[in-house]
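For reference, the structure discussed in these notes is given below.
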Amino acid sequence: MSGCIICGVDDSPEARGVTRLAARLAEKLDVRLVLVHVVQPSVRLGVASAPYAYPGQVEADALVNSAQAELGRLAAELELANVELRVELGSPSARLSEIALDEEAMLVIVGSRGRGSLTSALLGSVSSAVAARAPCPVVVLPPGRTDHRFDRILCAVDDTDHSREAVRTAVWLATRLESKLVLVHVAPRTVAPGASAVPDGNADLARLDLLRAEELLAHVAFEHGLGTEVERRVLLGKEEDAIAEAAEDVRAGFIVAGSRGRGAVASSLLGSVSSSLVGTSRCPVVVVPFGAAVPVRARS
């Protein structure tokens, strides 16, 4: 990886918070920052000979000029140094993913929602599309979040390959940011026919579920060389709610989760849950798409 962060912005108030987070992460990780605004003309572009131009081309030129001016004002307002500003035409989710691939980016950062006068509508449903297709982990910032904390990172774990990629990302991020890492797993609630007819049958099943969850977290910690000192928590309840509550409890700066997953432990944790977390979490969610290029942990 060449070491850069791609930050998708539009002209909404939320874009400033996204850019501030991207700038802080770029500084902490000592990597390049690239601000990207993608405009999507309402009219499909055609080809015309000078001095003529199709309406779509006129609109595109106006949008590009407006976006370039907005990016310049944003960079000046936040006093950003050594930042690259790019304006692109096309589908926001597709172009952000393509640029991240071309630049070998280690992170893409977007907002979870936002609307601006420009027609890109970048910081909204686009965030979900970027998180699903990006070639690297995607950081999604919830609206209104301004206190960017880096001291604790919470990683949601299950027993799938998707989860292992998420853990590798969380370990790398915690190492580079000098953050405390917290591993969590939401234990499933096993229901067996006839268990209620056996004395303490349901209680025994619940204890077995908890034991399996604790063993899973211990195995994940060992597999990633984290030792016994890493904090591990077994959670109960609805996955996304339990994870979000745990993040609030430990005052996590980030939640890290894979984009999808199904495993023998029936948590179904890393799929629709990661999507729900993006929409409900009060802290940034780092979504790790399956097969994404995961940064390598720095040597200690």
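Chain lettering (A, B, ...) mirrors the order of the structure tokens, residue numbering begins at 1 for each chain separately, and ligand numbering begins at 1 in order of display.
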
| message | Show me, as a ChimeraX atom specification, the residues that have an atom within 10 Å of Ala129 in chain A when counting only C-alpha atoms, minus same-chain residues fewer than 5 positions from it. | response | /A:92-94,97,124,134

Output C-alpha atoms for every residue in that selection, as a short mmCIF file (atom, residue, chain, number, x, y, z; two decimals), in the first residue's frame.
data_model
loop_
_atom_site.label_atom_id
_atom_site.label_comp_id
_atom_site.auth_asym_id
_atom_site.auth_seq_id
_atom_site.Cartn_x
_atom_site.Cartn_y
_atom_site.Cartn_z
CA PRO A 92 -19.98 8.59 -6.42
CA SER A 93 -19.71 5.06 -5.01
CA ALA A 94 -18.09 3.69 -8.15
CA SER A 97 -13.95 2.77 -5.06
CA GLY A 124 -26.02 9.28 2.15
CA ALA A 134 -14.39 -0.62 -1.75
#

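Compared by their closest atoms to Ala81 in chain A, and using only C-alpha atoms, the residues A:His148, A:Ala23, A:Val182, A:Ala105 rank with A:Ala23 nearest.
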
| request: Quick one: everything within 6 Å of range 136-141 of chain A, counting only C-alpha atoms, minus sequence neighbours fewer than 2 positions away in the same chain. Send it as a list in words. | output: Met106, Leu107, Val108, Ile109, Val110, Gly111, Ser112, Ala131, Ala134, Pro284, Val285, Val286, Val287, Val288, Ala292 and Ala293 of chain A

Take the residues that were just selected and, keeping C-alpha atoms, output them as a compact mmCIF listing (two decimals), in the first residue's frame.
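File again14.txt, as written:
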# COMPACT_ATOMS: atom_id res chain seq x y z
CA MET A 106 -5.49 2.08 3.10
CA LEU A 107 -8.79 3.74 4.14
CA VAL A 108 -11.79 5.43 2.56
CA ILE A 109 -13.73 7.86 4.77
CA VAL A 110 -17.31 8.99 4.12
CA GLY A 111 -20.29 10.25 6.09
CA SER A 112 -23.37 8.20 6.79
CA ALA A 131 -18.62 0.11 2.16
CA ALA A 134 -14.39 -0.62 -1.75
CA PRO A 284 -17.44 5.96 13.43
CA VAL A 285 -17.82 2.43 12.05
CA VAL A 286 -14.93 0.87 10.14
CA VAL A 287 -16.51 -1.55 7.66
CA VAL A 288 -14.12 -4.14 6.23
CA ALA A 292 -10.49 -5.99 0.96
CA ALA A 293 -6.81 -5.21 1.21

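With distances restricted to only C-alpha atoms, A:Pro142 is the closest residue to Leu277 in chain A from A:Gly225, A:Pro289, A:Pro142, A:Gly8.
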
| request: For Leu80 in chain A, work out the shell of residues within 12 Å, counting only C-alpha atoms and skipping chain neighbours fewer than 5 positions away, then give it as a list of chain:residue names. | output: A:Arg16, A:Thr19, A:Arg20, A:Leu21, A:Ala22, A:Ala23, A:Arg24, A:Ala26, A:Glu27, A:Arg32, A:Leu33, A:Val34, A:Leu35, A:Leu71, A:Gly72, A:Arg73, A:Leu74, A:Ala75, A:Leu85

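Ranking A:Leu236, A:Ala174, A:Val9, A:Ala76 by their shortest atom-to-atom distance to Ala206 in chain A, with only C-alpha atoms included, puts A:Leu236 first.
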
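Here CA of Cys4 in chain A is placed at a distance of 21.5 Å from CA of Ala67 in chain A.
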
| task | Report as a PyMOL selection string: the residues of range 60-255 of chain A with a DSSP assignment of helix (DSSP H, G or I), based on the backbone of this structure. | result | chain A and resi 60-77+92-103+125-133+161-177+195-197+201-223+239-250

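Here CA of Val186 in chain A and CA of Ile255 in chain A stand 14.0 Å from one another.
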
DSSP strand (DSSP E) selection over range 87-245 of chain A, as a short mmCIF file (atom, residue, chain, number, x, y, z; two decimals) with C-alpha atoms, in the first residue's frame:
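So the final result, stored in states33.cif, reads:
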data_model
loop_
_atom_site.label_atom_id
_atom_site.label_comp_id
_atom_site.auth_asym_id
_atom_site.auth_seq_id
_atom_site.Cartn_x
_atom_site.Cartn_y
_atom_site.Cartn_z
CA VAL A 87 -13.15 16.47 -8.58
CA GLU A 88 -14.52 13.54 -10.54
CA LEU A 89 -17.53 12.86 -12.76
CA LEU A 107 -8.79 3.74 4.14
CA VAL A 108 -11.79 5.43 2.56
CA ILE A 109 -13.73 7.86 4.77
CA VAL A 110 -17.31 8.99 4.12
CA GLY A 111 -20.29 10.25 6.09
CA VAL A 138 -14.23 2.13 4.86
CA VAL A 139 -14.74 4.50 7.80
CA VAL A 140 -18.31 5.81 8.04
CA LEU A 141 -18.83 8.83 10.30
CA ARG A 152 -10.21 2.69 22.33
CA ILE A 153 -11.24 0.59 19.36
CA LEU A 154 -14.01 -2.00 19.61
CA CYS A 155 -13.97 -4.93 17.16
CA ALA A 156 -17.02 -7.13 16.56
CA LYS A 180 -6.64 -0.04 23.44
CA LEU A 181 -8.41 -2.87 21.59
CA VAL A 182 -11.63 -4.45 22.85
CA LEU A 183 -12.92 -7.67 21.22
CA VAL A 184 -16.65 -8.37 21.52
CA HIS A 185 -18.88 -11.23 20.47
CA VAL A 186 -22.65 -11.39 20.78
CA GLU A 231 -10.00 -6.96 26.74
CA ARG A 232 -12.66 -9.46 25.69
CA ARG A 233 -16.40 -9.11 26.22
CA VAL A 234 -19.25 -11.53 25.60
CA LEU A 235 -22.46 -9.63 24.90
#

| request: Determine the nearest neighbour of Val250 in chain A from the options A:Ala166, A:Gly17, A:Ser91, A:Asp151, counting only C-alpha atoms. | output: A:Asp151

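Between Val230 in chain A and the candidates A:Phe254, A:Ser179, A:Leu101, A:Ala69, the tightest atom-to-atom separation, counting only C-alpha atoms, involves A:Ser179.
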
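In this model, the gap between CA of Ala218 in chain A and CA of Glu239 in chain A comes to 19.4 Å.
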